[in-house]
Amino acid sequence: MILSKFIDELPILPILKPRWKDPFHTYYEVNMTEFKQSLHSELNDTTVWGYEGSYPGPTIEVESGEKVFIKWMNNLPDKHLLPVDHTVHGAHVDVPEVRTVVHVHGASVEWESDGYPEAWFTQGFKQVGPYFRKQIYQYDNDDRACTLWYHDHALGITRLNVYAGLAGFYLIRDHRERLLNLPSGKYEVPLMIQDKTFHKDGSLYYPKQPEKPVPELETSIVPEFFGDTILVNGKVWPYLKVEPRKYRFRLLNASNTRFYRLKLDSGQLFYQIGTDGGFMQHPIGVKEITLAPAERADVIIDFTNLEGKNMIMTNDAPSPFPTGDPPNENTGTVMQFRVTLPLSSVDTSVIPAYMMPLPKIKEQSASKKRYLTLNENTDKYGRKIMLLDNKHWDAPITENPKLGSTEIWYLINLTEDTHPIHLHLINFQILDRREFNVEKFKKERMIHYTGPALPPEPQERGWKDTVRANPNQVTRIIMKFGPYTGLYVWHCHILEHEDYEMMRPYIVIR
Ligand SMILES: [Cu+2]
């Protein structure tokens with residue numbers, strides 16, 4: 001079944017209204033429920049999970065420094081929409097099948113409100129995980145303007161909960177952003193890009209068995225999942241009618257495994273103004289933007305003088321990345337822009353020449369270096385299992401940075417895939433990437449570099465919370481730990497890896 005492209009309009013995500021707001025606090029309640037929604041007009045309505053009855057969830061917009069409280073509430077059914085694999089750690093038969101916990105990706109948050117994977121809760125908070133501490137999460141939002149997103153993070157079923165629809169945007173705004181005079185209002189559109197596969201009846205497909213099924217087990221964990229259709233804001237291959245003027249788009253890859261390398265088929269440039277953690281120093285004009293799962297890019301596209309033109313945003317990233325198959329005509333198509341709306345007023349917005357200072361964290365300021373491997377092993381059923389530093393989730397904590405200290409982490413990738421590595425709590429800067437001899441490292445546990453240190457790509461020169469750690473390379477990142485102490489996680493953001501042990505706790509100590 002092949003769905004027609006560009007017959008549905010891009011959904012513009014609603015902004016969530018707080019339940020209550022005074023000069024000191026803002027309070028939201030967000031309900032998670034199961035419902036049916038049309039994801040394409042040729043497809044029967046799809047049963048999905050969403051926040052506040054919407055997939056993707058409504059956008060939460062806050063001001064830098066605003067004290068925000070959110071009660072995330074689980075009103076989902078007891079039975080999961082998708083096949084749970086009870087052989088996966090944290091999803092065994094001794095815990096409820098449907099568990100949720102919400103993480104605001106990229107936010108700096110006290111640990112009790114960060115959505116620790118074992119702080120899950122069930123419908124009505126009837127049952128909670130061992131690290132559950134509070135029903136109402138607190139967000140101080142002491143960050144600069146940036147594009148964050150919220151999504152589920154429950155241990156062992158994150159891939160299923162997010163694939164079912166539990167994801168939304170969380171935008172922090174600030175004074176500096178308003179001074180930049182960027183395209184705003186209806187000319188600023190967040191775009192959440194995901195891939196999914198559907199059954200004929202419109203229901204979501206997620207693989208149930210690995211390639212070599214274990215007869216006695218209902219297994220579902222797979223080393224990767226690639227859908228055969230691309231959705232933006234919850235619609236398959238949508239179109240957006242635009243005016244001949246500048247637009248700001250916040251691009252987010254919210255897919256389970258798929259990477260995207262986005263281009264405009266008209267050859268137009270994206271003017272990138274921001275990375276994961278906020279504005280870059282200067283905008284860069286780029287022909288293509290690579291986004292691993294969880295990465296964001298804040299861009300301006302200028303449709304001025306393009307009246308009547310259509311252009312397609314395409315994807316040519318191989319899957320798995322970077323050495324897998326190229327996308328086909330379907331997975332290579334993301335959405336269409338149609339410059340068919342009349343210009344409603346003169347476009348006075350700008351692509352700024354300068355956004356904000358971006359001081360480099362000095363390498364000499366680091367008090368500790370950590371050498372951490374990304375490993376590929378085989379589990380007892382013969383399935384692929386990816387690990388961080390060759391350790392499982394429940395091994396004792398080994399990463400324990402001191403509050404206020406700066407560290408350099410060497411991500412030593414011994415696998416054949418790129419892994420998007422995400423640290424909670426902090427933003428980091430990418431120092432460099434460098435080729436090394438993997439076989440020699442496996443034998444001698446010593447890094448033998450085989451090439452020069454490569455600086456981060458221009459599109460990565462800013463604050464980051466997710467970094468692509470490429471195969472055969474050591475990727476170095478630098479960060480200062482704070483402002484909170486407590487228990488956080490770092491993990492691969494390929495959700496099939498994260499769910500199956502490619503995640504580790506870490507603790508910030510005093
Ligand atoms: Cu991974």
# chains A, B, ... in the order shown; residues from 1 in each chain; ligands from 1
call {"tool": "residues_near_ligand", "arguments": {"ligand": "ligand 1", "cutoff": "8 Å", "atoms": "only C-alpha atoms and all ligand atoms", "output": "CSV table (one decimal) with N, CA and C atoms, in the first residue's frame"}}
result
chain,number,residue,atom,x,y,z
A,386,MET,N,23.9,-3.5,22.3
A,386,MET,CA,24.8,-2.4,22.3
A,386,MET,C,25.0,-2.0,23.7
A,417,ASP,N,28.1,1.4,13.5
A,417,ASP,CA,27.1,2.4,13.3
A,417,ASP,C,27.4,3.7,14.0
A,418,THR,N,26.8,4.8,13.5
A,418,THR,CA,26.9,6.0,14.3
A,418,THR,C,25.8,6.0,15.4
A,419,HIS,N,26.2,6.3,16.6
A,419,HIS,CA,25.3,6.4,17.7
A,419,HIS,C,25.2,7.8,18.2
A,420,PRO,N,23.9,8.3,18.2
A,420,PRO,CA,23.7,9.7,18.8
A,420,PRO,C,23.7,9.6,20.3
A,421,ILE,N,24.8,10.1,20.9
A,421,ILE,CA,24.9,10.0,22.4
A,421,ILE,C,24.4,11.3,23.0
A,491,HIS,N,22.9,8.2,27.3
A,491,HIS,CA,22.5,7.0,26.5
A,491,HIS,C,22.6,7.3,25.0
A,492,CYS,N,22.5,6.2,24.2
A,492,CYS,CA,22.3,6.4,22.8
A,492,CYS,C,20.9,6.7,22.5
A,493,HIS,N,20.6,7.6,21.6
A,493,HIS,CA,19.2,8.0,21.3
A,493,HIS,C,18.6,7.3,20.2
A,494,ILE,N,19.3,6.2,19.7
A,494,ILE,CA,18.6,5.3,18.8
A,494,ILE,C,17.7,4.5,19.9
A,495,LEU,N,16.4,4.6,19.8
A,495,LEU,CA,15.6,4.2,20.9
A,495,LEU,C,15.7,2.6,21.1
A,496,GLU,N,15.9,1.9,20.0
A,496,GLU,CA,16.0,0.5,20.1
A,496,GLU,C,17.3,0.1,20.9
A,497,HIS,N,18.3,1.0,20.8
A,497,HIS,CA,19.6,0.7,21.5
A,497,HIS,C,19.4,1.1,23.0
A,498,GLU,N,18.8,2.3,23.2
A,498,GLU,CA,18.6,2.8,24.5
A,498,GLU,C,17.8,1.8,25.4
A,502,MET,N,21.8,0.3,26.0
A,502,MET,CA,22.8,1.3,25.6
A,502,MET,C,22.4,2.6,26.4
call {"tool": "residues_around", "arguments": {"residues": "segment 83-95 of chain A", "least_positions_apart": "6", "cutoff": "10 Å", "atoms": "only C-alpha atoms", "output": "PyMOL selection string"}}
result
chain A and resi 117-118+127-129+154-157+159-160+205-209+217-222+381+392-394+499-501
call {"tool": "write_last_selection", "arguments": {"atoms": "C-alpha atoms", "output": "CSV table (one decimal), in the first residue's frame"}}
result
chain,number,residue,atom,x,y,z
A,117,PRO,CA,13.8,5.8,33.4
A,118,GLU,CA,13.0,4.0,36.7
A,127,GLN,CA,2.1,2.0,40.8
A,128,VAL,CA,5.4,3.8,40.5
A,129,GLY,CA,9.0,2.8,39.8
A,154,ALA,CA,10.2,4.6,30.6
A,155,LEU,CA,12.8,1.8,31.1
A,156,GLY,CA,12.6,-0.9,28.5
A,157,ILE,CA,9.6,0.5,26.5
A,159,ARG,CA,10.9,3.0,21.8
A,160,LEU,CA,7.3,1.8,21.9
A,205,TYR,CA,3.2,-1.6,12.7
A,206,TYR,CA,6.1,-2.4,15.0
A,207,PRO,CA,8.1,-5.6,14.4
A,208,LYS,CA,7.2,-8.4,16.8
A,209,GLN,CA,10.0,-10.9,16.1
A,217,LEU,CA,9.5,-16.1,23.7
A,218,GLU,CA,7.3,-13.3,22.5
A,219,THR,CA,10.2,-11.1,21.6
A,220,SER,CA,10.2,-7.8,19.9
A,221,ILE,CA,13.5,-6.0,20.6
A,222,VAL,CA,15.2,-5.3,17.3
A,381,TYR,CA,19.4,-15.4,22.4
A,392,HIS,CA,24.7,-2.9,31.4
A,393,TRP,CA,22.2,-0.5,32.8
A,394,ASP,CA,22.2,-1.9,36.3
A,499,ASP,CA,15.9,0.3,25.5
A,500,TYR,CA,18.2,-2.6,25.2
A,501,GLU,CA,21.1,-1.6,27.5
call {"tool": "residues_around", "arguments": {"residues": "Ala294 of chain A", "least_positions_apart": "3", "cutoff": "12 Å", "atoms": "only C-alpha atoms", "output": "ChimeraX atom specification"}}
result
/A:104-106,147-151,162,167-169,192-194,251-260,275-277,290-291,297,419-423,464-468,491-495
call {"tool": "write_last_selection", "arguments": {"atoms": "N, CA and C atoms", "output": "CSV table (one decimal), in the first residue's frame"}}
result
chain,number,residue,atom,x,y,z
A,104,VAL,N,12.1,16.0,29.6
A,104,VAL,CA,12.2,17.2,28.6
A,104,VAL,C,13.7,17.2,28.1
A,105,HIS,N,13.8,16.8,26.9
A,105,HIS,CA,15.1,16.5,26.3
A,105,HIS,C,15.9,17.9,26.1
A,106,GLY,N,17.1,17.9,26.7
A,106,GLY,CA,17.9,19.1,26.6
A,106,GLY,C,17.7,20.1,27.7
A,147,THR,N,15.3,25.1,21.4
A,147,THR,CA,14.3,24.1,20.9
A,147,THR,C,14.5,22.8,21.7
A,148,LEU,N,13.6,22.5,22.6
A,148,LEU,CA,13.7,21.3,23.4
A,148,LEU,C,12.5,20.4,23.0
A,149,TRP,N,12.4,19.2,23.4
A,149,TRP,CA,11.2,18.4,23.2
A,149,TRP,C,11.0,17.5,24.3
A,150,TYR,N,9.8,17.1,24.6
A,150,TYR,CA,9.5,16.2,25.7
A,150,TYR,C,9.0,14.9,25.1
A,151,HIS,N,9.4,13.8,25.7
A,151,HIS,CA,9.0,12.5,25.2
A,151,HIS,C,9.1,11.5,26.4
A,162,VAL,N,7.3,6.2,22.5
A,162,VAL,CA,7.5,7.3,21.6
A,162,VAL,C,6.9,7.0,20.2
A,167,ALA,N,5.4,12.3,22.2
A,167,ALA,CA,6.5,13.3,22.0
A,167,ALA,C,5.8,14.6,21.6
A,168,GLY,N,6.5,15.7,22.0
A,168,GLY,CA,6.0,17.1,21.7
A,168,GLY,C,7.2,18.1,21.8
A,169,PHE,N,6.9,19.3,21.4
A,169,PHE,CA,8.0,20.3,21.5
A,169,PHE,C,7.9,21.1,22.8
A,192,MET,N,8.4,18.2,13.4
A,192,MET,CA,8.8,17.0,14.0
A,192,MET,C,8.8,15.9,13.0
A,193,ILE,N,10.0,15.3,12.7
A,193,ILE,CA,10.1,14.4,11.6
A,193,ILE,C,10.2,12.9,12.2
A,194,GLN,N,9.4,12.0,11.7
A,194,GLN,CA,9.4,10.6,12.2
A,194,GLN,C,9.1,9.7,11.1
A,251,LEU,N,13.6,22.2,13.1
A,251,LEU,CA,13.7,20.8,12.7
A,251,LEU,C,14.1,19.9,13.8
A,252,LEU,N,13.3,18.8,14.0
A,252,LEU,CA,13.6,17.8,15.1
A,252,LEU,C,13.5,16.4,14.5
A,253,ASN,N,14.5,15.6,14.7
A,253,ASN,CA,14.4,14.2,14.3
A,253,ASN,C,13.9,13.5,15.5
A,254,ALA,N,12.6,13.1,15.5
A,254,ALA,CA,12.0,12.3,16.6
A,254,ALA,C,11.8,10.9,16.3
A,255,SER,N,12.6,10.4,15.3
A,255,SER,CA,12.4,9.0,14.9
A,255,SER,C,13.1,8.0,15.9
A,256,ASN,N,12.7,6.8,15.8
A,256,ASN,CA,13.4,5.8,16.7
A,256,ASN,C,14.8,5.6,16.3
A,257,THR,N,15.1,5.2,15.0
A,257,THR,CA,16.4,4.9,14.6
A,257,THR,C,16.9,5.7,13.4
A,258,ARG,N,16.0,6.2,12.6
A,258,ARG,CA,16.4,6.8,11.3
A,258,ARG,C,17.1,8.1,11.4
A,259,PHE,N,18.2,8.2,10.7
A,259,PHE,CA,18.9,9.5,10.5
A,259,PHE,C,18.3,10.2,9.3
A,260,TYR,N,18.4,11.5,9.2
A,260,TYR,CA,18.0,12.2,8.0
A,260,TYR,C,19.1,13.1,7.5
A,275,THR,N,21.4,25.3,17.1
A,275,THR,CA,21.7,23.9,17.3
A,275,THR,C,20.8,23.4,18.4
A,276,ASP,N,21.1,22.2,19.0
A,276,ASP,CA,20.2,21.6,20.0
A,276,ASP,C,20.0,22.6,21.2
A,277,GLY,N,21.0,23.3,21.6
A,277,GLY,CA,20.9,24.0,22.9
A,277,GLY,C,20.8,25.5,22.7
A,290,THR,N,22.2,17.3,8.5
A,290,THR,CA,22.1,15.9,9.0
A,290,THR,C,21.6,15.9,10.4
A,291,LEU,N,20.6,15.1,10.6
A,291,LEU,CA,20.0,15.0,12.0
A,291,LEU,C,19.9,13.6,12.4
A,297,ALA,N,17.8,21.3,14.5
A,297,ALA,CA,18.4,22.4,13.9
A,297,ALA,C,17.3,23.5,13.7
A,419,HIS,N,26.2,6.3,16.6
A,419,HIS,CA,25.3,6.4,17.7
A,419,HIS,C,25.2,7.8,18.2
A,420,PRO,N,23.9,8.3,18.2
A,420,PRO,CA,23.7,9.7,18.8
A,420,PRO,C,23.7,9.6,20.3
A,421,ILE,N,24.8,10.1,20.9
A,421,ILE,CA,24.9,10.0,22.4
A,421,ILE,C,24.4,11.3,23.0
A,422,HIS,N,23.5,11.1,24.0
A,422,HIS,CA,22.8,12.2,24.6
A,422,HIS,C,23.1,12.1,26.1
A,423,LEU,N,23.5,13.3,26.7
A,423,LEU,CA,23.6,13.4,28.2
A,423,LEU,C,22.5,14.2,28.7
A,464,LYS,N,25.3,21.7,22.3
A,464,LYS,CA,24.7,20.4,21.9
A,464,LYS,C,24.3,19.6,23.1
A,465,ASP,N,23.3,18.7,22.9
A,465,ASP,CA,23.0,17.7,24.0
A,465,ASP,C,23.1,16.3,23.4
A,466,THR,N,23.2,16.2,22.1
A,466,THR,CA,23.3,14.9,21.4
A,466,THR,C,24.4,15.0,20.4
A,467,VAL,N,25.3,14.0,20.3
A,467,VAL,CA,26.4,14.1,19.4
A,467,VAL,C,26.4,12.8,18.6
A,468,ARG,N,26.7,12.9,17.3
A,468,ARG,CA,26.9,11.7,16.5
A,468,ARG,C,28.3,11.1,16.8
A,491,HIS,N,22.9,8.2,27.3
A,491,HIS,CA,22.5,7.0,26.5
A,491,HIS,C,22.6,7.3,25.0
A,492,CYS,N,22.5,6.2,24.2
A,492,CYS,CA,22.3,6.4,22.8
A,492,CYS,C,20.9,6.7,22.5
A,493,HIS,N,20.6,7.6,21.6
A,493,HIS,CA,19.2,8.0,21.3
A,493,HIS,C,18.6,7.3,20.2
A,494,ILE,N,19.3,6.2,19.7
A,494,ILE,CA,18.6,5.3,18.8
A,494,ILE,C,17.7,4.5,19.9
A,495,LEU,N,16.4,4.6,19.8
A,495,LEU,CA,15.6,4.2,20.9
A,495,LEU,C,15.7,2.6,21.1
call {"tool": "atom_distance", "arguments": {"atom1": "atom CA of Gly234 of chain A", "atom2": "atom CA of Ile273 of chain A"}}
result
24.8 Å
call {"tool": "atom_distance", "arguments": {"atom1": "atom CA of Glu407 of chain A", "atom2": "atom CA of Gly486 of chain A"}}
result
16.7 Å
call {"tool": "residues_around", "arguments": {"residues": "Trp409 of chain A", "least_positions_apart": "6", "cutoff": "8 Å", "atoms": "only C-alpha atoms", "output": "mmCIF file with N, CA and C atoms, in the first residue's frame"}}
result
data_model
loop_
_atom_site.group_PDB
_atom_site.id
_atom_site.type_symbol
_atom_site.label_atom_id
_atom_site.label_comp_id
_atom_site.auth_asym_id
_atom_site.auth_seq_id
_atom_site.Cartn_x
_atom_site.Cartn_y
_atom_site.Cartn_z
ATOM 1 N N LYS A 369 39.252 13.345 32.423
ATOM 2 C CA LYS A 369 38.960 12.778 31.114
ATOM 3 C C LYS A 369 38.405 11.388 31.329
ATOM 4 N N ARG A 370 37.359 11.060 30.610
ATOM 5 C CA ARG A 370 36.805 9.698 30.709
ATOM 6 C C ARG A 370 36.852 9.047 29.336
ATOM 7 N N TYR A 371 37.334 7.813 29.300
ATOM 8 C CA TYR A 371 37.440 7.062 28.061
ATOM 9 C C TYR A 371 36.326 6.036 28.058
ATOM 10 N N LEU A 372 35.354 6.194 27.173
ATOM 11 C CA LEU A 372 34.144 5.386 27.226
ATOM 12 C C LEU A 372 33.901 4.732 25.868
ATOM 13 N N ARG A 476 35.198 13.560 20.851
ATOM 14 C CA ARG A 476 35.452 14.161 22.161
ATOM 15 C C ARG A 476 34.475 15.299 22.413
ATOM 16 N N ILE A 477 33.861 15.271 23.596
ATOM 17 C CA ILE A 477 32.956 16.348 24.005
ATOM 18 C C ILE A 477 33.420 16.900 25.346
ATOM 19 N N ILE A 478 33.091 18.176 25.570
ATOM 20 C CA ILE A 478 33.518 18.830 26.819
ATOM 21 C C ILE A 478 32.312 19.511 27.452
#
call {"tool": "closest_residue", "arguments": {"among": "A:Lys480, A:Lys196, A:Lys36, A:His282", "to": "Lys362 of chain A", "atoms": "only C-alpha atoms"}}
result
A:Lys480
call {"tool": "closest_residue", "arguments": {"among": "A:Gly57, A:Pro455, A:Pro505, A:Pro23", "to": "Leu388 of chain A", "atoms": "only C-alpha atoms"}}
result
A:Pro505
call {"tool": "residues_around", "arguments": {"residues": "Tyr484 of chain A", "least_positions_apart": "4", "cutoff": "9 Å", "atoms": "only C-alpha atoms", "output": "list in words"}}
result
Ser108, Val109, Glu110, Trp111, Leu403, Leu425, Val508 and Ile509 of chain A
call {"tool": "residues_around", "arguments": {"residues": "Phe198 of chain A", "least_positions_apart": "4", "cutoff": "10 Å", "atoms": "only C-alpha atoms", "output": "list in words"}}
result
Met1, Leu43, Thr46, Gly202, Ser203, Leu204, Tyr205, Tyr206, Gly227, Asp228 and Thr229 of chain A
call {"tool": "write_last_selection", "arguments": {"atoms": "N, CA and C atoms", "output": "mmCIF file, in the first residue's frame"}}
result
data_model
loop_
_atom_site.group_PDB
_atom_site.id
_atom_site.type_symbol
_atom_site.label_atom_id
_atom_site.label_comp_id
_atom_site.auth_asym_id
_atom_site.auth_seq_id
_atom_site.Cartn_x
_atom_site.Cartn_y
_atom_site.Cartn_z
ATOM 1 N N MET A 1 0.852 -1.187 0.000
ATOM 2 C CA MET A 1 0.000 0.000 0.000
ATOM 3 C C MET A 1 0.895 1.247 0.000
ATOM 4 N N LEU A 43 -5.715 6.735 4.663
ATOM 5 C CA LEU A 43 -5.501 5.689 5.673
ATOM 6 C C LEU A 43 -6.628 5.788 6.707
ATOM 7 N N THR A 46 -5.737 6.049 12.839
ATOM 8 C CA THR A 46 -4.753 5.216 13.530
ATOM 9 C C THR A 46 -4.917 5.389 15.040
ATOM 10 N N GLY A 202 -4.620 0.655 8.835
ATOM 11 C CA GLY A 202 -4.259 1.969 9.370
ATOM 12 C C GLY A 202 -3.567 1.921 10.722
ATOM 13 N N SER A 203 -3.521 0.728 11.327
ATOM 14 C CA SER A 203 -2.884 0.642 12.649
ATOM 15 C C SER A 203 -1.365 0.672 12.510
ATOM 16 N N LEU A 204 -0.702 1.042 13.589
ATOM 17 C CA LEU A 204 0.754 1.139 13.588
ATOM 18 C C LEU A 204 1.382 -0.246 13.553
ATOM 19 N N TYR A 205 2.382 -0.397 12.721
ATOM 20 C CA TYR A 205 3.157 -1.630 12.690
ATOM 21 C C TYR A 205 4.451 -1.424 13.461
ATOM 22 N N TYR A 206 4.755 -2.348 14.344
ATOM 23 C CA TYR A 206 6.084 -2.389 14.952
ATOM 24 C C TYR A 206 6.514 -3.854 14.977
ATOM 25 N N GLY A 227 10.846 2.859 9.555
ATOM 26 C CA GLY A 227 9.517 2.878 8.964
ATOM 27 C C GLY A 227 9.598 3.143 7.468
ATOM 28 N N ASP A 228 8.512 2.801 6.735
ATOM 29 C CA ASP A 228 8.542 3.002 5.276
ATOM 30 C C ASP A 228 7.800 4.265 4.825
ATOM 31 N N THR A 229 7.301 5.051 5.778
ATOM 32 C CA THR A 229 6.719 6.352 5.428
ATOM 33 C C THR A 229 7.326 7.408 6.353
#
call {"tool": "residues_around", "arguments": {"residues": "Leu269 of chain A", "least_positions_apart": "5", "cutoff": "7 Å", "atoms": "only C-alpha atoms", "output": "list in words"}}
result
Gly285, Val286 and Lys287 of chain A
call {"tool": "closest_residue", "arguments": {"among": "A:Ala145, A:Val102, A:Val236, A:Ala119", "to": "Pro11 of chain A", "atoms": "only C-alpha atoms"}}
result
A:Val236
